[in-house]
4 protein chains.
Amino acid sequence: MSANTFGTLFRFTSWGESHGPAIGVVVDGVPPRLPLAEADIQHWLDQRKPGTSRFVTQRKEPDRVEILSGVFEGQTTGTPLSLLIRNEDARSKDYGEIKDLFRPGHADYAYWKKYGIRDHRGGGRASARETASRVAAGAVARRILGDGVRIRGALVQLGSRAIDRARWDWNAVGANPFWCPDPVEAAAWEPYLDAIRRKGSSVGAVIEVVAEGVPAGLGAPVYGKLDSDLAAAMMGINAVKGVEIGAGFAAAALSGEDNADEMRIRDQAVAFLSNHAGGILGGISTGQDLVVRFAVKPTSSILSPRKTITVHGTEAEIVTKGRHDPCVGIRAVPVGEAMMACVLADHLLRHRGQIGG
Amino acid sequence: MSANTFGTLFRFTSWGESHGPAIGVVVDGVPPRLPLAEADIQHWLDQRKPGTSRFVTQRKEPDRVEILSGVFEGQTTGTPLSLLIRNEDARSKDYGEIKDLFRPGHADYAYWKKYGIRDHRGGGRASARETASRVAAGAVARRILGDGVRIRGALVQLGSRAIDRARWDWNAVGANPFWCPDPVEAAAWEPYLDAIRRKGSSVGAVIEVVAEGVPAGLGAPVYGKLDSDLAAAMMGINAVKGVEIGAGFAAAALSGEDNADEMRIRDQAVAFLSNHAGGILGGISTGQDLVVRFAVKPTSSILSPRKTITVHGTEAEIVTKGRHDPCVGIRAVPVGEAMMACVLADHLLRHRGQIGG
Amino acid sequence: MSANTFGTLFRFTSWGESHGPAIGVVVDGVPPRLPLAEADIQHWLDQRKPGTSRFVTQRKEPDRVEILSGVFEGQTTGTPLSLLIRNEDARSKDYGEIKDLFRPGHADYAYWKKYGIRDHRGGGRASARETASRVAAGAVARRILGDGVRIRGALVQLGSRAIDRARWDWNAVGANPFWCPDPVEAAAWEPYLDAIRRKGSSVGAVIEVVAEGVPAGLGAPVYGKLDSDLAAAMMGINAVKGVEIGAGFAAAALSGEDNADEMRIRDQAVAFLSNHAGGILGGISTGQDLVVRFAVKPTSSILSPRKTITVHGTEAEIVTKGRHDPCVGIRAVPVGEAMMACVLADHLLRHRGQIGG
Amino acid sequence: MSANTFGTLFRFTSWGESHGPAIGVVVDGVPPRLPLAEADIQHWLDQRKPGTSRFVTQRKEPDRVEILSGVFEGQTTGTPLSLLIRNEDARSKDYGEIKDLFRPGHADYAYWKKYGIRDHRGGGRASARETASRVAAGAVARRILGDGVRIRGALVQLGSRAIDRARWDWNAVGANPFWCPDPVEAAAWEPYLDAIRRKGSSVGAVIEVVAEGVPAGLGAPVYGKLDSDLAAAMMGINAVKGVEIGAGFAAAALSGEDNADEMRIRDQAVAFLSNHAGGILGGISTGQDLVVRFAVKPTSSILSPRKTITVHGTEAEIVTKGRHDPCVGIRAVPVGEAMMACVLADHLLRHRGQIGG
C-alpha cells in the first residue's frame with residue numbers, strides 16, 4: 001500500500017498537516033453519474049468534528065468541505081474528486097515549548113528517525129486531524145455502496161469499562177456523547193471520563209463497526225482478502241493497536257464445533273445459525289453482517305509529566321498541554337465507519353471488474 | 001493489495017491449488033548479489049511442513065523447493081525468483097464425498113458465491129498449503145534483512161490455555177511440538193491436544209512474532225504504515241481472526257500514563273523504559289522490538305457432524321474426514337514469521353527508495 | 001497505471017477541470033529535506049503558461065502555484081505536497097453553443113461513451129490545462145534529480161517544417177517563441193504559423209527531450225523498462241500520437257552494423273561512439289544522453305466547419321471558436337521535459353530501493 | 001509499472017532466463033468460468049516459436065506450455081494461472097567466449113551497471129525468449145475479450161522496404177514467412193533478407209497491430225490512457241524503439257482540418273469518415289479500429305566485428321555467433337498482438353470495475 005494512498009480501484013490520496021493552511025483528499029475511481037453535493041459529505045464530517053462535547057478536543061474546527069473537482073451539475077463525472085478542508089483554529093504557539101522534545105507514545109521520535117525533519121506543530125501529518133480526509137472519502141464510498149449497505153459503529157469499551165452486549169440498542173448510540181449502544185453503561189461513562197479528563201489523563205477504547213447488506217462474494221484470496229484489507233484499514237487509523245473480525249481473539253479458545261457457523265435454508269434463502277466468522281470466510285464475504293472491532297490506545301498527550309529525551313539527545317520531562325481528547329477513541333467511531341465504507345466500495349468495484357455484474 | 005501478490009518493492013505472487021500438480025511463488029524486487037541456494041529456503045520450509053508430529057496433518061509432503069530462475073552461480077541476479085514446490089501426496093478421493101457440500105467455517109461457500117465454480121479438492125486455492133509459498137518468500141526476505149534482524153515466533157495460547165509469560169524461554173520453543181516458549185505449559189499441552197485430536201475436534205491458538213534488530217524509521221504515514229501492513233499480512237494468513245501490536249487490545253484499558261513508553265539515554269543510546277507500542281509509533285518503527293500477535297480460529301474440518309447445505313440449496317449434514325490439523329495454529333508460527341520478514345524486507349527497500357542508504 | 005496517478009515511488013495524482021475553481025496535484029514519495037519554495041515550481045510553470053505569445057492560447061492564466069502541505073521551514077518533510085493552481089480566466093460561456101456537439105478529434109465523444117456524462121466546458125478534465133499539474137510535479141522531480149541531471153526540450157518539427165539538426169543550438173531555444181533550436185528555421189516558422197493562425201487552422205509538431213547526466217543503471221526489465229515508462233509518459237500527454245527513443249522509427253531501416261553503438265575507453269571512462277539507442281538498452285539507462293521524441297497532432301479546435309453529430313444522435317456541423325493554440329505542440333515542450341523528470345525521479349528512487357545507495 | 005508484472009486488474013508476472021530450466025508466467029485477475037485448455041494457449045505460442053523458417057533463429061524450442069494452476073475441469077476458476085514453458089535447446093556453450101564482453105546494442109552493459117552481475121548465457125532475462133510468456137498471457141487475454149474483438153498484426157516494413165498499403169490483404173499475412181500483408185512485397189523480401197542473413201547482418205522492421213470490435217469507452221484519463229498503456233506495452237517489447245497510434249508521427253504535418261475524423265450517422269449508428277486517431281481520443285476508445293505501429297531495431301547479434309569493451313574495462317572486438325534472427329521484428333508480430341490483447345483485457349476489466357456492465 002502506498003504511503004498516502006488507500007485502495008485499488010476506489011482509491012483516495014490524502015494530504016495536509018494539522019497546522020498547515022488546509023488538509024484534503026483526492027478521491028479517484030468514483031463511478032460516474034452518482035448524485036453528490038458538499039452537504040452529502042458534510043453530514044459525515046460533522047459527526048467527527050471536534051468540539052461537540054467536553055469529552056473531545058476543544059479545538060474549534062468547522063471542518064467545512066469544498067468540492068473542487070469531479071462533480072458537474074450535481075453528479076460525479078468519473079474524474080477525481082478533490083475535497084478541501086481548511087484549518088481554521090490551528091494554534092501553533094501551543095506547541096512551541098515542546099518543539100525539541102519527543103512526546104512518549106507520539107509519532108515524534110519515529111518521524112525524526114525516518115525523515116530527519118518534522119513539523120512539530122500539532123503532530124503535523126501524524127495528527128488525528130488527517131482522519132477528516134478519511135471521513136470525507138468514506139462519504140463518497142457510501143454513495144457507491146448505495147442504500148442497501150448500512151454501516152454503523154459503536155464504542156463497546158471505554159477504558160476498563162465494557163458494555164453489556166445484551167443491552168445493545170442502536171438507537172442509544174446517537175443519544176450519548178460516546179457512541180455507546182448500551183444506555184446504562186453510557187450513563188456511567190460520563191462521570192468516569194470526567195474524572196479522567198479533569199486530572200489530565202486519558203484512556204483507550206474499543207470500537208465495533210458493523211456493515212449490513214453486504215453481498216456475498218466480495219473480497220479475494222489470498223492477499224487481497226476482505227479481512228486483510230479491513231485489518232489494514234483499521235490498524236492504519238491513528239492510535240489503533242488491534243483489530244479483530246467476528247469472534248476475533250476469542251476464537252482461539254473455541255472448539256471447532258462451537259466456532260462453526262452452521263447453515264440452513266430459511267425462506268428459500270441461505271441462513272447461518274451464528275456469525276463467529278464476522279461475515280468473512282476465506283477472505284470473501286458470505287452475505288452475513290461484517291463485524292470488525294478495533295482497539296484504540298489512550299491519548300498520548302497527557303498532563304502528568306513523563307520522562308523523555310530531546311532532539312539533542314539529552315534527558316527531559318514533558319507535559320503536553322494543548323487541547324486534547326481524554327479518549328481519542330470516541331472520535332474514531334465515524335473514522336472506522338468511513339474506512340469500512342472505503343474498503344467495501346473498493347472491493348465492490350474490484351469484484352465487478354473481475355466477475356462482472 | 002492485489003489478490004495474489006503481496007508487497008510493493010519486495011513483492012511476491014503465489015499460485016497453485018492444494019491438489020494440483022504443484023504450488024509456487026514468484027519473488028520480485030530482490031536485490032542482486034545476495035547468496036542464495038535451495039537449501040537456504042528449504043531450511044524454513046522444513047519448519048512448516050506437515051507430518052512432523054501427531055499434532056499436525058498426516059499428509060506426507062516433502063515440500064522440496066526448486067529455484068527455476070533468478071539465481072546465477074549462487075547469487076541472486078535482481079530478476080524474479082521462481083520457486084516451485086510439487087504436490088506429491090494429494091489424495092483427491094478423500095474429498096469426493098463432500099464435493100457438493102459447503103463445509104461450515106471453510107471458504108467453500110464464499111468461493112462458490114464469488115466465482116460460481118470451485119476446486120473442491122482439499123480447499124483448492126484456499127488450502128493452508130498455499131502458506132508454503134509465503135514461507136519460501138519469507139526465506140528470501142530474511143536474506144535481504146540480513147543477520148542483524150532476528151525474527152522468531154511462538155505459540156502463546158493453545159485453545160483455552162495461555163502460557164505464563166514469566167516463564168518465557170526462547171530455547172524452549174524448539175524443544176516441543178508446539179513452538180511453546182513456556183516449558184511447563186508445553187508439557188500440559190500434550191495431553192490437552194491429544195484429547196481434542198482423538199475426538200476429532202479442534203482448537204484455535206494465539207501466535208506471537210517478535211522481530212529484534214529492526215532499525216528505527218521503517219514504515220510510513222498514513223496508509224503505508226508498518227503496523228497497517230503487518231496487520232494485513234497476518235490477517236491474510238488462513239484462519240486468522242485477529243491481530244494486535246504491542247499492548248494490543250489491552251491498551252484500551254490502560255491510562256495514558258501507564259501506556260506511555262518513557263525514554264531515557266542509556267550508554268549514549270536512546271532507551272525506552274517499556275514497549276507498549278510494540279516497536280511502532282505513527283506507523284514507523286522506533287528501533288524497539290516489533291511485537292505482533294495473531295489469533296487463529298479452530299480448524300474447521302472436524303469429525304462431529306455439522307448442519308450445512310449443498311450447492312443445490314438443500315439441507316444436509318457434514319463430517320470432514322481427510323487428514324487435518326487438530327490445531328492449525330501450530331503450523332502458522334513459521335508462516336507468521338515469514339510474513340513478518342516479507343513486510344520488513346519490503347519496508348526496508350521502500351525506506352531506502354525514498355530516503356536513501 | 002492508475003487513471004489519475006503517475007509513478008511508483010515518486011508518484012503524483014492530478015485533479016481538476018479546465019473550468020472548475022482550480023486544478024492541482026498531490027506529489028507523494030518526495031525525499032525529505034530538499035529545499036523547496038513556491039518560486040522553484042513557479043519558474044517552470046511560467047514556461048508553460050498561456051498567453052505569452054500570439055502563437056499560443058490567449059487565455060490569461062497566471063498559473064500561480066500554492067504549496068498547501070509537505071513543506072516545513074523551506075524544506076520538504078517527506079509527506080505529500082499538495083499543489084494548487086486556481087483557474088482565473090475560465091470563460092465557460094464560450095462553450096455554451098457546443099455543449100451538445102462532439103468536436104471531431106476531441107475527447108468529447110469518447111468521454112460521453114465511457115461516462116455517460118461530460119463537463120463540456122473547455123474540455124473539462126481532458127483539457128490541456130491539466131498539464132500544468134505535470135509541470136508542477138516535474139519541478140519537484142527536478143529537485144530530486146539534482147543539478148547533475150539536465151533536462152531540455154525543443155521543437156524539432158512544426159507542421160511540415162523540420163529543423164536542420166546541423167544547426168542545433170540550445171541557446172536558440174529560448175530566443176524564439178517556438179522552443180526551436182534552429183535559429184534559421186525559427187525565423188521561417190513565424191510567418192508560417194501566422195498564416196495558419198489567421199485562417200483559424202492548426203498544425204502539429206514533433207518535440208525532442210534530452211536528459212544529460214543520467215547515471216547508468218536506471219530502469220528495469222521487463223515491464224518496468226525505462227523506455228516503456230517514458231513511452232507511457234509521453235503518449236499520455238494530450239494530443240500525442242507517437243513516441244520514439246534514440247534512432248526511433250528510423251532504426252527499422254538500419255543494418256545491425258550501423259545501429260550498433262560501439263564502445264571504447266576514453267580517459268579511463270566508458271565511451272560510446274554513437275547513440276542510436278537513445279541512452280537505453282534492455283530497458284536500462286547506459287549513461288549516455290536520453291533522447292526521446294514525441295509527435296503532437298494538430299489542435300482539434302479550428303474555425304473551419306467540420307461534420308459531426310450531436311449527443312442526440314443527429315448530424316450537425318461544428319466550428320470551435322474559443323481561444324486556442326494554433327499549434328498545441330509548442331506548449332507541450334515544458335510538459336515533455338516535466339514528464340521526463342518525473343520518470344527519471346521515480347526510477348532513481350526505485351533503483352535505490354532495490355539496489356541501494 | 002512493476003518490473004516484471006504487467007497490468008492492473010488483468011495482470012501477469014513473468015519469470016525465467018533464456019538458459020535456465022524453464023520460463024513462465026503467472027496470470028492473475030482472470031474471470032472465472034472461461035473455457036481454457038493448454039491447446040488454446042499453444043495455438044498462439046506456435047506462431048511465435050523459433051525455427052519455423054530460415055528467417056528466424058534456428059534454436060529448436062517446442063515451447064510446450066503446461067498449465068499448473070487456475071483451471072479446474074476445463075474452466076478458469078478465478079485464481080492465478082501458472083503457465084510453464086521448459087527450455088529444451090539452450091546451448092550455453094555458445095556464449096562462453098563472450099561472457100566477459102559487452103555486446104553493443106545488447107542489454108549486457110546496462111544490466112552490468114545496474115545489478116553488478118549478469119547471466120550472460122543467451123541474454124539471460126533480457127532474451128527475446130521472455131516474449132513467449134507474453135504470448136501465453138495474450139492467449140488468456142483473448143479468451144477474456146471474446147470473439148467479438150479481433151486482433152491481427154502484420155509486418156509493414158522490413159529494413160528499408162515498406163509495403164504498399166493499397167495492396168493490403170489480410171489473407172496474405174499467413175501465406176509468407178514475414179507476416180507481410182502485401183503479397184508483392186513479400187516476394188521481394190525473400191531475396192532481400194536472404195542476402196542480409198547470409199552475410200551475418202540484420203535489419204529492423206515496423207509492425208502494425210489492429211484490433212477490430214473494441215467497444216467505445218475503454219481507457220481513462222489522464223495517466224491510465226489506453227494509448228499510454230499501449231505505448232508502454234509495445235515499447236516494452238525487446239528491441240522496440242518507437243510506437244505510434246493512428247496517423248502517428250505523420251499527424252505532426254497534418255492540418256487540423258485534415259486530421260479531424262468527421263462524424264456522421266450511418267444506419268442509425270455513429271460512423272467516422274476517417275481514422276487518423278487510430279481509434280483513441282482523450283485516452284479512451286471510440287469504437288473505431290485500434291491501430292498501433294511499432295519499430296523494431298535490427299538484431300544486435302551480428303557476425304561483423306564491432307568495437308566493444310570487457311567487464312574489466314579493456315577494449316576489445318566482438319563477433320556474436322549463436323543462432324540469431326536476421327530480423328527479430330518478424331517474431332515480434334505475435335508478441336505485439338499479445339500485448340494488444342493484454343492491454344485491452346485489462347482495460348475491459350478496469351472499465352467494468354468503475355462503470356459496470
# chains A, B, ... in the order shown; residues from 1 in each chain; ligands from 1
>>> interface_residues(of="chain B", to="chain D", cutoff="10 Å", atoms="only C-alpha atoms", output="ChimeraX atom specification")
/B:2-5,8-9,11-29,31-33,67-73,75-82,111,114-120,124-126
>>> write_last_selection(atoms="C-alpha atoms", output="PDB file, in the first residue's frame")
ATOM      1  CA  SER B   2      -3.709  -7.333  -5.383  1.00  0.00           C
ATOM      2  CA  ALA B   3      -5.397 -10.669  -4.956  1.00  0.00           C
ATOM      3  CA  ASN B   4      -2.390 -12.950  -5.252  1.00  0.00           C
ATOM      4  CA  THR B   5       0.519 -10.535  -4.955  1.00  0.00           C
ATOM      5  CA  THR B   8       5.327  -3.140  -3.040  1.00  0.00           C
ATOM      6  CA  LEU B   9       9.048  -3.282  -3.866  1.00  0.00           C
ATOM      7  CA  ARG B  11       6.786  -8.455  -3.800  1.00  0.00           C
ATOM      8  CA  PHE B  12       5.744 -11.999  -4.396  1.00  0.00           C
ATOM      9  CA  THR B  13       2.961 -13.618  -6.371  1.00  0.00           C
ATOM     10  CA  SER B  14       1.790 -17.034  -5.286  1.00  0.00           C
ATOM     11  CA  TRP B  15      -0.153 -19.595  -7.305  1.00  0.00           C
ATOM     12  CA  GLY B  16      -1.359 -23.141  -7.043  1.00  0.00           C
ATOM     13  CA  GLU B  17      -4.016 -25.321  -5.507  1.00  0.00           C
ATOM     14  CA  SER B  18      -3.738 -27.982  -2.847  1.00  0.00           C
ATOM     15  CA  HIS B  19      -4.438 -30.833  -5.240  1.00  0.00           C
ATOM     16  CA  GLY B  20      -2.918 -29.573  -8.490  1.00  0.00           C
ATOM     17  CA  PRO B  21       0.490 -30.674  -9.774  1.00  0.00           C
ATOM     18  CA  ALA B  22       2.412 -28.004  -7.846  1.00  0.00           C
ATOM     19  CA  ILE B  23       2.294 -24.731  -5.992  1.00  0.00           C
ATOM     20  CA  GLY B  24       4.776 -21.917  -6.297  1.00  0.00           C
ATOM     21  CA  VAL B  25       5.706 -18.319  -5.886  1.00  0.00           C
ATOM     22  CA  VAL B  26       7.454 -15.685  -7.983  1.00  0.00           C
ATOM     23  CA  VAL B  27       9.526 -13.320  -5.840  1.00  0.00           C
ATOM     24  CA  ASP B  28      10.314  -9.987  -7.455  1.00  0.00           C
ATOM     25  CA  GLY B  29      12.315  -6.949  -6.416  1.00  0.00           C
ATOM     26  CA  PRO B  31      18.380  -7.037  -4.595  1.00  0.00           C
ATOM     27  CA  PRO B  32      21.164  -8.565  -6.671  1.00  0.00           C
ATOM     28  CA  ARG B  33      24.259 -10.388  -5.438  1.00  0.00           C
ATOM     29  CA  ILE B  67      14.655 -22.434  -7.844  1.00  0.00           C
ATOM     30  CA  LEU B  68      13.785 -22.061 -11.530  1.00  0.00           C
ATOM     31  CA  SER B  69      15.106 -18.564 -12.159  1.00  0.00           C
ATOM     32  CA  GLY B  70      16.750 -15.504 -10.699  1.00  0.00           C
ATOM     33  CA  VAL B  71      19.900 -17.130  -9.316  1.00  0.00           C
ATOM     34  CA  PHE B  72      23.159 -17.391 -11.255  1.00  0.00           C
ATOM     35  CA  GLU B  73      26.251 -19.049  -9.891  1.00  0.00           C
ATOM     36  CA  GLN B  75      23.817 -15.344  -6.287  1.00  0.00           C
ATOM     37  CA  THR B  76      20.576 -13.514  -6.908  1.00  0.00           C
ATOM     38  CA  THR B  77      20.645 -11.548 -10.168  1.00  0.00           C
ATOM     39  CA  GLY B  78      17.975  -8.952  -9.365  1.00  0.00           C
ATOM     40  CA  THR B  79      15.497 -10.686 -11.683  1.00  0.00           C
ATOM     41  CA  PRO B  80      12.481 -12.667 -10.452  1.00  0.00           C
ATOM     42  CA  LEU B  81      12.958 -15.852  -8.469  1.00  0.00           C
ATOM     43  CA  SER B  82      10.549 -18.587  -9.496  1.00  0.00           C
ATOM     44  CA  TYR B 111     -15.778 -19.047  -3.219  1.00  0.00           C
ATOM     45  CA  LYS B 114     -17.878 -15.259  -5.802  1.00  0.00           C
ATOM     46  CA  TYR B 115     -16.692 -17.403  -8.656  1.00  0.00           C
ATOM     47  CA  GLY B 116     -19.617 -19.749  -9.386  1.00  0.00           C
ATOM     48  CA  ILE B 117     -17.034 -22.549  -9.574  1.00  0.00           C
ATOM     49  CA  ARG B 118     -14.653 -24.118  -7.072  1.00  0.00           C
ATOM     50  CA  ASP B 119     -11.925 -26.677  -6.930  1.00  0.00           C
ATOM     51  CA  HIS B 120     -13.342 -28.624  -4.006  1.00  0.00           C
ATOM     52  CA  GLY B 124      -8.200 -25.677  -3.680  1.00  0.00           C
ATOM     53  CA  ARG B 125      -6.609 -22.284  -3.528  1.00  0.00           C
ATOM     54  CA  ALA B 126      -7.946 -21.647  -0.012  1.00  0.00           C
TER      55      ALA B 126
END
>>> residues_around(residues="Asn238 (chain C)", least_positions_apart="3", cutoff="8 Å", atoms="only C-alpha atoms", output="list in words")
Ala126, Ser127, Ala128 and Met235 of chain C; Gly282 of chain D
>>> residues_around(residues="region 224-229 of chain B", least_positions_apart="2", cutoff="8 Å", atoms="only C-alpha atoms", output="ChimeraX atom specification")
/A:1-5,231-236 /B:218-222,231-233,245,280,282-285,343,347
>>> closest_residue(among="D:Arg59, D:Arg352, D:Arg150, D:Gly242", to="Ala295 (chain C)", atoms="only C-alpha atoms")
D:Gly242
>>> select_by_dssp(residues="region 82-274 of chain B", states="strand (DSSP E)", output="PyMOL selection string")
chain B and resi 82-86+150-158+161-162+205-212+240-245+263-266+269-272
>>> select_by_dssp(residues="region 77-228 of chain D", states="alpha helix (DSSP H)", output="ChimeraX atom specification")
/D:108-115,131-145,170-173,183-198,226-228
>>> atom_distance(atom1="CA of Val328 (chain A)", atom2="CA of Leu145 (chain A)")
27.9 Å
>>> atom_distance(atom1="CA of Val156 (chain B)", atom2="CA of Gly256 (chain A)")
19.0 Å
